[in-house]
Amino acid sequence: MKFAIVGAGFTGAVIARELAEKGYQVDIFESRKHIAGNCYTERCKETGVLVHKYGPHIFHTDDVEVWEYINKYCNMMPYINRVKSTYDGCVYSLPINLHTINQFFGKTLSPNDAKEFIALLSESSIQEPQNFEEQANKFIGKDLYKAFFYGYTLKQWGMDPTNLPASILKRLPVRFNYNDNYFNHKFQGIPESGYTEIVAKIIDHENISVKLDTFFVRNQKDEYTHTFYSGPIDSWFNNEHGVLGYRTLDFEQEIHDGDFLGCAVMNYADIDVPYTRITEHKHFSPWESHNKTVIFKEYSRYCESDDIPYYPIRLVKEKEMLNIYIDAAEKEQGVSFVGRLGTYRYIDMDVTIGEALNAAKITINCIKNEFKIPVFFLDNVR
Ligand code: FAD
Ligand code: UDP
């Protein structure tokens, strides 16, 4: 039995390792010149700073199994993501917390006062928010929404927030205390030597071979018992039913002396600032010391054919097209669609790893019982 894995991101690496551990031969194909997919980190030659090449990546999870898994392959350093936002000439704390509320409204509210105050501002008439704007107005009111979310979201998604689903905002907490941790998860950290080293260790197994700079095409699957494909689902079918919409990112790199931002991530909520945020990479490794600093200004735009797909747009039009591809995939033999691109979803690293472990477990069980390996490992991919 021989397996092909398309993509050397976390999805491909984890599935490959689990199968290799069971004694199966695995060939990984990766079209880029490096492993680790979008989680790739590398040292900047000029400054020595560890750079998150495809955007800032902080590991956070509630899943104990996934946390233990990742800790087998790295020294995870304690890290709390504290994001700031610049709006109209002032710097505020994110996610929206008591500090943000007091600073923005020029008040000294206690947690209980702030709850009452925001309840008065929020639109209680909205029962079931139908879009991003309604969700924001229901929970924080118009003023905070206009300041911190309207402009940023317009730049990030290239469309009015009334056209976006409420679920995008649901990812962010609102707090009535001074906790400015961007995430709510129990476990959070940054790997001491970056993500590339983790993926390198995961795929370092005698049964795994890796072919970089090699684009896998559909008919190559015939050479394998089964293929796990973590590339874009539409690209597997040569985009024959259309191209699924993504947002892509452009990173404009600058090198400066000393400290540029004073923090790892600063968001820019004003519409007239063309970038959405600046990342200063050395603050992701506070245990290191560097005289110079690397920053990325991040610009978001529609993803064209030669760009790297980052955020699936997943609106009505895209979901209709996705359904056509899912129908086509379900008729396909010898392949499973996995990962963020194979299932056209935004998923964090912990979810990616959890799903990959699950896919491998199901596969091993199917082989043992001579069942067909599923095309998708999710209850509902639509
Ligand atoms: P990918 O990493 O995209 O890997 C897929 C690989 O397949 C790619 O390397 C691609 O080149 C390759 N490929 C595709 N088609 C082919 C083909 N035909 N032949 C060969 N190779 C092919 N998650 C967090 O947990 N924390 C964060 O802070 C965080 N920040 C993020 C910031 C940004 C800007 C973005 C966009 C995502 C962020 N994520 C974060 C999510 C994280 O990047 C994903 O969870 C993760 O990359 C998914 O891994 P994957 O292996 O499914 O996909
Ligand atoms: N968002 C915003 N202002 C901010 C941060 C986030 O309007 O300062 C919105 C934006 O639409 C974004 C969404 O909230 O897509 C989710 O934020 P998150 O930080 O999870 O974005 P991601 O990590 O996906 O870039």
# chains A, B, ... in the order shown; residues from 1 in each chain; ligands from 1
>>> residues_near_ligand(ligand="ligand 1", cutoff="6 Å", atoms="only C-alpha atoms and all ligand atoms", output="JSON, numbers by chain")
{"A": [6, 7, 8, 9, 10, 11, 12, 29, 30, 31, 32, 37, 38, 39, 55, 56, 57, 58, 59, 214, 215, 216, 217, 230, 231, 310, 311, 339, 340, 347, 348, 349, 350, 352]}
>>> write_last_selection(atoms="N, CA, C and O atoms", output="compact mmCIF listing (two decimals), in the first residue's frame")
# COMPACT_ATOMS: atom_id res chain seq x y z
N VAL A 6 -0.92 15.38 -0.87
CA VAL A 6 -0.68 16.60 -1.63
C VAL A 6 -0.71 17.78 -0.67
O VAL A 6 -1.73 18.09 -0.06
N GLY A 7 0.46 18.43 -0.53
CA GLY A 7 0.58 19.58 0.37
C GLY A 7 1.37 19.21 1.62
O GLY A 7 1.05 18.23 2.29
N ALA A 8 2.40 20.01 1.90
CA ALA A 8 3.24 19.76 3.09
C ALA A 8 2.97 20.77 4.19
O ALA A 8 3.87 21.16 4.92
N GLY A 9 1.70 21.21 4.32
CA GLY A 9 1.30 22.03 5.47
C GLY A 9 1.02 21.11 6.64
O GLY A 9 1.34 19.90 6.60
N PHE A 10 0.41 21.64 7.70
CA PHE A 10 0.12 20.80 8.87
C PHE A 10 -0.78 19.63 8.50
O PHE A 10 -0.59 18.51 8.98
N THR A 11 -1.77 19.86 7.64
CA THR A 11 -2.69 18.77 7.28
C THR A 11 -1.93 17.60 6.69
O THR A 11 -2.04 16.46 7.17
N GLY A 12 -1.17 17.87 5.64
CA GLY A 12 -0.44 16.80 4.94
C GLY A 12 0.57 16.14 5.85
O GLY A 12 0.69 14.90 5.89
N PHE A 29 3.82 15.50 -1.86
CA PHE A 29 4.10 16.42 -2.97
C PHE A 29 3.78 17.84 -2.53
O PHE A 29 2.69 18.10 -2.02
N GLU A 30 4.71 18.74 -2.76
CA GLU A 30 4.50 20.13 -2.36
C GLU A 30 4.92 21.04 -3.52
O GLU A 30 6.05 20.97 -3.98
N SER A 31 3.99 21.88 -3.97
CA SER A 31 4.30 22.72 -5.13
C SER A 31 5.26 23.87 -4.79
O SER A 31 5.96 24.38 -5.65
N ARG A 32 5.30 24.27 -3.52
CA ARG A 32 6.24 25.34 -3.16
C ARG A 32 7.64 24.76 -2.95
O ARG A 32 7.81 23.54 -2.88
N GLY A 37 3.58 24.88 4.52
CA GLY A 37 2.42 25.61 3.99
C GLY A 37 2.43 27.06 4.42
O GLY A 37 3.49 27.71 4.48
N ASN A 38 1.26 27.56 4.81
CA ASN A 38 1.13 28.96 5.21
C ASN A 38 1.67 29.23 6.60
O ASN A 38 1.71 30.38 7.03
N CYS A 39 2.06 28.19 7.32
CA CYS A 39 2.62 28.39 8.66
C CYS A 39 4.13 28.53 8.61
O CYS A 39 4.79 28.62 9.67
N GLY A 55 2.10 35.62 7.23
CA GLY A 55 1.23 36.25 8.21
C GLY A 55 1.42 35.66 9.60
O GLY A 55 1.88 34.53 9.75
N PRO A 56 1.06 36.45 10.63
CA PRO A 56 1.34 36.06 12.02
C PRO A 56 0.57 34.82 12.46
O PRO A 56 -0.64 34.73 12.25
N HIS A 57 1.27 33.87 13.08
CA HIS A 57 0.65 32.63 13.53
C HIS A 57 0.91 32.40 15.02
O HIS A 57 2.05 32.17 15.43
N ILE A 58 -0.15 32.41 15.80
CA ILE A 58 -0.06 32.13 17.24
C ILE A 58 -0.83 30.83 17.47
O ILE A 58 -1.97 30.69 16.99
N PHE A 59 -0.24 29.92 18.22
CA PHE A 59 -0.91 28.64 18.45
C PHE A 59 -1.81 28.76 19.68
O PHE A 59 -1.36 29.15 20.75
N THR A 214 6.99 20.47 -6.62
CA THR A 214 6.36 19.48 -7.49
C THR A 214 4.85 19.59 -7.38
O THR A 214 4.27 19.30 -6.33
N PHE A 215 4.24 19.99 -8.45
CA PHE A 215 2.77 20.15 -8.48
C PHE A 215 2.14 18.81 -8.80
O PHE A 215 2.47 18.17 -9.81
N PHE A 216 1.25 18.36 -7.97
CA PHE A 216 0.58 17.06 -8.15
C PHE A 216 -0.65 17.24 -9.03
O PHE A 216 -1.47 18.12 -8.77
N VAL A 217 -0.76 16.45 -10.09
CA VAL A 217 -1.97 16.55 -10.92
C VAL A 217 -2.86 15.32 -10.73
O VAL A 217 -2.39 14.25 -10.35
N SER A 230 -4.65 18.21 0.00
CA SER A 230 -4.91 19.41 0.82
C SER A 230 -4.74 20.69 0.00
O SER A 230 -4.52 21.76 0.56
N GLY A 231 -4.84 20.57 -1.32
CA GLY A 231 -4.85 21.76 -2.19
C GLY A 231 -6.28 22.25 -2.39
O GLY A 231 -7.23 21.67 -1.85
N TYR A 310 -5.82 32.88 0.72
CA TYR A 310 -5.73 32.96 2.18
C TYR A 310 -7.09 32.74 2.86
O TYR A 310 -7.28 31.78 3.57
N TYR A 311 -8.02 33.68 2.64
CA TYR A 311 -9.31 33.60 3.34
C TYR A 311 -10.41 33.21 2.36
O TYR A 311 -10.70 33.97 1.43
N GLY A 339 -8.02 19.49 4.88
CA GLY A 339 -7.36 20.77 5.17
C GLY A 339 -8.17 21.98 4.77
O GLY A 339 -9.30 21.87 4.30
N ARG A 340 -7.58 23.15 4.96
CA ARG A 340 -8.32 24.39 4.75
C ARG A 340 -8.70 24.61 3.28
O ARG A 340 -9.76 25.10 2.98
N ILE A 347 -9.65 27.55 8.81
CA ILE A 347 -9.46 26.77 10.04
C ILE A 347 -8.10 27.10 10.67
O ILE A 347 -7.10 27.25 9.97
N ASP A 348 -8.12 27.24 11.98
CA ASP A 348 -6.88 27.50 12.71
C ASP A 348 -6.02 26.24 12.75
O ASP A 348 -6.49 25.14 12.46
N MET A 349 -4.76 26.45 13.17
CA MET A 349 -3.82 25.32 13.16
C MET A 349 -4.27 24.16 14.05
O MET A 349 -4.10 23.00 13.70
N ASP A 350 -4.83 24.49 15.21
CA ASP A 350 -5.23 23.40 16.12
C ASP A 350 -6.35 22.56 15.52
O ASP A 350 -6.35 21.33 15.62
N THR A 352 -6.88 22.26 12.31
CA THR A 352 -6.23 21.56 11.20
C THR A 352 -5.58 20.26 11.69
O THR A 352 -5.78 19.18 11.11
>>> select_by_dssp(residues="region 43-244 of chain A", states="alpha helix (DSSP H)", output="MDAnalysis selection string")
chainID A and resid 64:72 98:105 111:121 132:139 141:144 151:157 167:170 195:202 233:236
>>> select_by_dssp(residues="region 206-276 of chain A", states="strand (DSSP E)", output="mmCIF file with all heavy atoms, in the first residue's frame")
data_model
loop_
_atom_site.group_PDB
_atom_site.id
_atom_site.type_symbol
_atom_site.label_atom_id
_atom_site.label_comp_id
_atom_site.auth_asym_id
_atom_site.auth_seq_id
_atom_site.Cartn_x
_atom_site.Cartn_y
_atom_site.Cartn_z
ATOM 1 N N ILE A 208 8.506 8.172 4.899
ATOM 2 C CA ILE A 208 7.978 9.369 4.204
ATOM 3 C C ILE A 208 9.031 9.923 3.256
ATOM 4 O O ILE A 208 10.180 10.142 3.648
ATOM 5 C CB ILE A 208 7.589 10.477 5.221
ATOM 6 C CG1 ILE A 208 6.494 9.990 6.167
ATOM 7 C CG2 ILE A 208 7.138 11.746 4.494
ATOM 8 C CD1 ILE A 208 6.103 10.995 7.254
ATOM 9 N N SER A 209 8.619 10.157 1.990
ATOM 10 C CA SER A 209 9.505 10.897 1.085
ATOM 11 C C SER A 209 8.800 12.193 0.693
ATOM 12 O O SER A 209 7.570 12.230 0.574
ATOM 13 C CB SER A 209 9.846 10.052 -0.148
ATOM 14 O OG SER A 209 8.836 10.198 -1.107
ATOM 15 N N VAL A 210 9.578 13.256 0.529
ATOM 16 C CA VAL A 210 8.991 14.571 0.242
ATOM 17 C C VAL A 210 9.535 15.098 -1.079
ATOM 18 O O VAL A 210 10.755 15.142 -1.274
ATOM 19 C CB VAL A 210 9.337 15.593 1.357
ATOM 20 C CG1 VAL A 210 8.594 16.909 1.115
ATOM 21 C CG2 VAL A 210 8.990 15.041 2.726
ATOM 22 N N LYS A 211 8.621 15.478 -1.961
ATOM 23 C CA LYS A 211 9.036 16.078 -3.232
ATOM 24 C C LYS A 211 8.595 17.538 -3.240
ATOM 25 O O LYS A 211 7.399 17.827 -3.381
ATOM 26 C CB LYS A 211 8.407 15.321 -4.404
ATOM 27 C CG LYS A 211 8.935 13.907 -4.547
ATOM 28 C CD LYS A 211 8.244 13.167 -5.683
ATOM 29 C CE LYS A 211 8.840 11.773 -5.882
ATOM 30 N NZ LYS A 211 8.673 10.881 -4.715
ATOM 31 N N HIS A 226 -4.239 5.406 -2.332
ATOM 32 C CA HIS A 226 -5.169 6.476 -1.999
ATOM 33 C C HIS A 226 -4.385 7.788 -1.917
ATOM 34 O O HIS A 226 -3.205 7.794 -1.584
ATOM 35 C CB HIS A 226 -5.843 6.193 -0.647
ATOM 36 C CG HIS A 226 -7.041 7.045 -0.389
ATOM 37 N ND1 HIS A 226 -8.283 6.760 -0.909
ATOM 38 C CD2 HIS A 226 -7.187 8.201 0.305
ATOM 39 C CE1 HIS A 226 -9.140 7.692 -0.526
ATOM 40 N NE2 HIS A 226 -8.499 8.589 0.205
ATOM 41 N N THR A 227 -5.077 8.894 -2.237
ATOM 42 C CA THR A 227 -4.441 10.220 -2.190
ATOM 43 C C THR A 227 -5.194 11.117 -1.205
ATOM 44 O O THR A 227 -6.429 11.133 -1.203
ATOM 45 C CB THR A 227 -4.465 10.856 -3.604
ATOM 46 O OG1 THR A 227 -3.653 10.047 -4.461
ATOM 47 C CG2 THR A 227 -3.923 12.278 -3.597
ATOM 48 N N PHE A 228 -4.428 11.844 -0.394
ATOM 49 C CA PHE A 228 -5.019 12.865 0.488
ATOM 50 C C PHE A 228 -4.628 14.211 -0.093
ATOM 51 O O PHE A 228 -3.431 14.536 -0.169
ATOM 52 C CB PHE A 228 -4.490 12.714 1.923
ATOM 53 C CG PHE A 228 -4.911 11.418 2.543
ATOM 54 C CD1 PHE A 228 -4.155 10.267 2.344
ATOM 55 C CD2 PHE A 228 -6.071 11.344 3.292
ATOM 56 C CE1 PHE A 228 -4.558 9.059 2.888
ATOM 57 C CE2 PHE A 228 -6.482 10.139 3.843
ATOM 58 C CZ PHE A 228 -5.725 8.991 3.638
ATOM 59 N N TYR A 229 -5.631 14.974 -0.487
ATOM 60 C CA TYR A 229 -5.371 16.210 -1.225
ATOM 61 C C TYR A 229 -5.705 17.419 -0.357
ATOM 62 O O TYR A 229 -6.866 17.641 -0.001
ATOM 63 C CB TYR A 229 -6.244 16.192 -2.489
ATOM 64 C CG TYR A 229 -6.155 17.451 -3.317
ATOM 65 C CD1 TYR A 229 -5.048 17.714 -4.111
ATOM 66 C CD2 TYR A 229 -7.191 18.384 -3.316
ATOM 67 C CE1 TYR A 229 -4.970 18.870 -4.873
ATOM 68 C CE2 TYR A 229 -7.128 19.543 -4.073
ATOM 69 C CZ TYR A 229 -6.006 19.775 -4.841
ATOM 70 O OH TYR A 229 -5.932 20.924 -5.593
ATOM 71 N N TYR A 246 -11.376 33.768 -3.007
ATOM 72 C CA TYR A 246 -10.566 33.930 -1.795
ATOM 73 C C TYR A 246 -10.108 35.377 -1.700
ATOM 74 O O TYR A 246 -10.008 36.075 -2.703
ATOM 75 C CB TYR A 246 -9.290 33.084 -1.881
ATOM 76 C CG TYR A 246 -9.442 31.626 -1.556
ATOM 77 C CD1 TYR A 246 -9.718 30.696 -2.554
ATOM 78 C CD2 TYR A 246 -9.252 31.152 -0.264
ATOM 79 C CE1 TYR A 246 -9.809 29.332 -2.273
ATOM 80 C CE2 TYR A 246 -9.347 29.798 0.024
ATOM 81 C CZ TYR A 246 -9.630 28.897 -0.975
ATOM 82 O OH TYR A 246 -9.719 27.559 -0.678
ATOM 83 N N ARG A 247 -9.736 35.812 -0.506
ATOM 84 C CA ARG A 247 -8.945 37.024 -0.329
ATOM 85 C C ARG A 247 -7.484 36.600 -0.237
ATOM 86 O O ARG A 247 -7.166 35.560 0.349
ATOM 87 C CB ARG A 247 -9.330 37.757 0.965
ATOM 88 C CG ARG A 247 -10.756 38.187 1.038
ATOM 89 C CD ARG A 247 -11.109 39.274 0.060
ATOM 90 N NE ARG A 247 -10.494 40.547 0.396
ATOM 91 C CZ ARG A 247 -10.579 41.630 -0.386
ATOM 92 N NH1 ARG A 247 -11.220 41.565 -1.558
ATOM 93 N NH2 ARG A 247 -10.010 42.765 -0.023
ATOM 94 N N THR A 248 -6.616 37.382 -0.852
ATOM 95 C CA THR A 248 -5.188 37.127 -0.702
ATOM 96 C C THR A 248 -4.567 38.296 0.050
ATOM 97 O O THR A 248 -5.220 39.319 0.280
ATOM 98 C CB THR A 248 -4.507 36.919 -2.067
ATOM 99 O OG1 THR A 248 -3.188 36.425 -1.853
ATOM 100 C CG2 THR A 248 -4.427 38.215 -2.880
ATOM 101 N N LEU A 249 -3.317 38.138 0.473
ATOM 102 C CA LEU A 249 -2.627 39.199 1.211
ATOM 103 C C LEU A 249 -1.319 39.547 0.523
ATOM 104 O O LEU A 249 -0.633 38.667 0.004
ATOM 105 C CB LEU A 249 -2.324 38.740 2.643
ATOM 106 C CG LEU A 249 -3.511 38.353 3.528
ATOM 107 C CD1 LEU A 249 -3.018 37.764 4.861
ATOM 108 C CD2 LEU A 249 -4.416 39.547 3.800
ATOM 109 N N ASP A 250 -0.985 40.841 0.528
ATOM 110 C CA ASP A 250 0.348 41.284 0.098
ATOM 111 C C ASP A 250 1.058 41.789 1.344
ATOM 112 O O ASP A 250 0.487 42.573 2.115
ATOM 113 C CB ASP A 250 0.250 42.441 -0.901
ATOM 114 C CG ASP A 250 -0.410 41.994 -2.205
ATOM 115 O OD1 ASP A 250 -0.073 40.898 -2.684
ATOM 116 O OD2 ASP A 250 -1.263 42.744 -2.719
ATOM 117 N N PHE A 251 2.303 41.345 1.523
ATOM 118 C CA PHE A 251 3.084 41.809 2.674
ATOM 119 C C PHE A 251 4.209 42.706 2.170
ATOM 120 O O PHE A 251 5.017 42.277 1.343
ATOM 121 C CB PHE A 251 3.676 40.619 3.443
ATOM 122 C CG PHE A 251 2.627 39.708 4.014
ATOM 123 C CD1 PHE A 251 2.337 38.484 3.412
ATOM 124 C CD2 PHE A 251 1.915 40.072 5.145
ATOM 125 C CE1 PHE A 251 1.364 37.644 3.927
ATOM 126 C CE2 PHE A 251 0.940 39.235 5.670
ATOM 127 C CZ PHE A 251 0.656 38.024 5.059
ATOM 128 N N GLU A 252 4.240 43.934 2.659
ATOM 129 C CA GLU A 252 5.296 44.873 2.279
ATOM 130 C C GLU A 252 6.299 44.891 3.430
ATOM 131 O O GLU A 252 5.967 45.341 4.532
ATOM 132 C CB GLU A 252 4.647 46.243 2.117
ATOM 133 C CG GLU A 252 5.376 47.203 1.223
ATOM 134 C CD GLU A 252 4.528 48.474 1.105
ATOM 135 O OE1 GLU A 252 4.673 49.356 1.971
ATOM 136 O OE2 GLU A 252 3.725 48.558 0.166
ATOM 137 N N GLN A 253 7.497 44.384 3.146
ATOM 138 C CA GLN A 253 8.485 44.262 4.232
ATOM 139 C C GLN A 253 9.338 45.525 4.383
ATOM 140 O O GLN A 253 9.732 46.121 3.392
ATOM 141 C CB GLN A 253 9.402 43.074 3.950
ATOM 142 C CG GLN A 253 10.456 42.890 5.027
ATOM 143 C CD GLN A 253 11.384 41.726 4.746
ATOM 144 O OE1 GLN A 253 10.949 40.602 4.576
ATOM 145 N NE2 GLN A 253 12.671 41.998 4.711
ATOM 146 N N GLU A 254 9.596 45.926 5.626
ATOM 147 C CA GLU A 254 10.534 47.021 5.900
ATOM 148 C C GLU A 254 11.446 46.575 7.030
ATOM 149 O O GLU A 254 11.032 45.839 7.921
ATOM 150 C CB GLU A 254 9.784 48.283 6.358
ATOM 151 C CG GLU A 254 8.963 48.942 5.278
ATOM 152 C CD GLU A 254 8.149 50.134 5.820
ATOM 153 O OE1 GLU A 254 8.444 50.642 6.923
ATOM 154 O OE2 GLU A 254 7.196 50.517 5.122
ATOM 155 N N ILE A 255 12.705 47.048 6.986
ATOM 156 C CA ILE A 255 13.647 46.752 8.070
ATOM 157 C C ILE A 255 14.038 48.073 8.726
ATOM 158 O O ILE A 255 14.311 49.055 8.034
ATOM 159 C CB ILE A 255 14.871 45.989 7.520
ATOM 160 C CG1 ILE A 255 14.406 44.598 7.056
ATOM 161 C CG2 ILE A 255 15.979 45.876 8.566
ATOM 162 C CD1 ILE A 255 15.445 43.703 6.491
ATOM 163 N N HIS A 256 13.983 48.097 10.033
ATOM 164 C CA HIS A 256 14.301 49.320 10.783
ATOM 165 C C HIS A 256 15.273 48.983 11.908
ATOM 166 O O HIS A 256 15.463 47.820 12.251
ATOM 167 C CB HIS A 256 13.027 49.919 11.403
ATOM 168 C CG HIS A 256 12.035 50.381 10.380
ATOM 169 N ND1 HIS A 256 12.056 51.632 9.824
ATOM 170 C CD2 HIS A 256 10.992 49.734 9.780
ATOM 171 C CE1 HIS A 256 11.076 51.751 8.946
ATOM 172 N NE2 HIS A 256 10.415 50.610 8.893
ATOM 173 N N ASP A 257 15.827 50.030 12.511
ATOM 174 C CA ASP A 257 16.646 49.834 13.714
ATOM 175 C C ASP A 257 15.719 49.795 14.928
ATOM 176 O O ASP A 257 14.661 50.437 14.921
ATOM 177 C CB ASP A 257 17.623 51.007 13.897
ATOM 178 C CG ASP A 257 18.736 50.959 12.853
ATOM 179 O OD1 ASP A 257 19.116 49.833 12.458
ATOM 180 O OD2 ASP A 257 19.188 52.034 12.425
ATOM 181 N N VAL A 265 1.505 43.031 16.949
ATOM 182 C CA VAL A 265 0.482 43.336 15.923
ATOM 183 C C VAL A 265 -0.256 44.626 16.254
ATOM 184 O O VAL A 265 -0.778 44.787 17.362
ATOM 185 C CB VAL A 265 -0.561 42.190 15.796
ATOM 186 C CG1 VAL A 265 -1.600 42.525 14.723
ATOM 187 C CG2 VAL A 265 0.105 40.864 15.462
ATOM 188 N N MET A 266 -0.272 45.530 15.296
ATOM 189 C CA MET A 266 -1.065 46.757 15.408
ATOM 190 C C MET A 266 -2.051 46.780 14.243
ATOM 191 O O MET A 266 -1.640 46.737 13.076
ATOM 192 C CB MET A 266 -0.130 47.977 15.326
ATOM 193 C CG MET A 266 -0.822 49.321 15.273
ATOM 194 S SD MET A 266 -1.530 49.823 16.857
ATOM 195 C CE MET A 266 -0.064 50.299 17.757
ATOM 196 N N ASN A 267 -3.340 46.809 14.567
ATOM 197 C CA ASN A 267 -4.355 46.923 13.511
ATOM 198 C C ASN A 267 -4.587 48.403 13.199
ATOM 199 O O ASN A 267 -4.416 49.257 14.069
ATOM 200 C CB ASN A 267 -5.680 46.302 13.973
ATOM 201 C CG ASN A 267 -5.589 44.788 14.086
ATOM 202 O OD1 ASN A 267 -4.572 44.198 13.774
ATOM 203 N ND2 ASN A 267 -6.665 44.155 14.534
ATOM 204 N N TYR A 268 -5.011 48.672 11.981
ATOM 205 C CA TYR A 268 -5.295 50.053 11.575
ATOM 206 C C TYR A 268 -6.739 50.123 11.095
ATOM 207 O O TYR A 268 -7.070 49.595 10.034
ATOM 208 C CB TYR A 268 -4.301 50.507 10.484
ATOM 209 C CG TYR A 268 -2.923 50.656 11.078
ATOM 210 C CD1 TYR A 268 -2.078 49.550 11.201
ATOM 211 C CD2 TYR A 268 -2.499 51.855 11.615
ATOM 212 C CE1 TYR A 268 -0.835 49.659 11.809
ATOM 213 C CE2 TYR A 268 -1.254 51.982 12.233
ATOM 214 C CZ TYR A 268 -0.435 50.880 12.325
ATOM 215 O OH TYR A 268 0.782 50.992 12.940
#
>>> residues_around(residues="His281 (chain A)", least_positions_apart="2", cutoff="8 Å", atoms="only C-alpha atoms", output="list in words")
Val49, Leu50, Val51, His52, Pro56, Ala264, Thr279, His283, Phe284, Ser285, Thr293, Val294 and Ile295 of chain A
>>> residues_near_ligand(ligand="ligand 2", cutoff="10 Å", atoms="only C-alpha atoms and all ligand atoms", output="PyMOL selection string")
chain A and resi 55-58+83-87+92-96+132+136+145-158+161+164-173+182-183+266-270+276-277+310-311+346-348
>>> closest_atom_pairs(of="region 166-227 of chain A", to="region 98-108 of chain A", cutoff="10 Å", atoms="only C-alpha atoms", output="tab-separated table")
residue	atom	partner	partner_atom	distance
A:Val174	CA	A:Leu98	CA	8.9
A:Arg175	CA	A:Leu98	CA	6.5
A:Phe176	CA	A:Leu98	CA	5.0
A:Asn177	CA	A:Leu98	CA	4.9
A:Tyr178	CA	A:Leu98	CA	5.3
A:Asn179	CA	A:Leu98	CA	8.1
A:Asp180	CA	A:His99	CA	8.5
>>> write_last_selection(atoms="N, CA and C atoms", output="tab-separated table (two decimals), in the first residue's frame")
chain	number	residue	atom	x	y	z
A	174	VAL	N	-15.84	40.07	23.40
A	174	VAL	CA	-15.97	41.42	23.97
A	174	VAL	C	-15.92	41.21	25.47
A	175	ARG	N	-15.07	41.97	26.17
A	175	ARG	CA	-14.89	41.69	27.61
A	175	ARG	C	-15.16	42.94	28.45
A	176	PHE	N	-15.75	42.71	29.63
A	176	PHE	CA	-16.03	43.81	30.55
A	176	PHE	C	-15.04	43.78	31.71
A	177	ASN	N	-13.81	43.42	31.42
A	177	ASN	CA	-12.70	43.53	32.38
A	177	ASN	C	-11.46	43.93	31.58
A	178	TYR	N	-10.29	43.95	32.25
A	178	TYR	CA	-9.09	44.43	31.56
A	178	TYR	C	-8.27	43.31	30.92
A	179	ASN	N	-8.89	42.15	30.76
A	179	ASN	CA	-8.20	41.04	30.10
A	179	ASN	C	-8.07	41.36	28.61
A	180	ASP	N	-6.83	41.54	28.15
A	180	ASP	CA	-6.63	41.89	26.73
A	180	ASP	C	-6.00	40.74	25.95
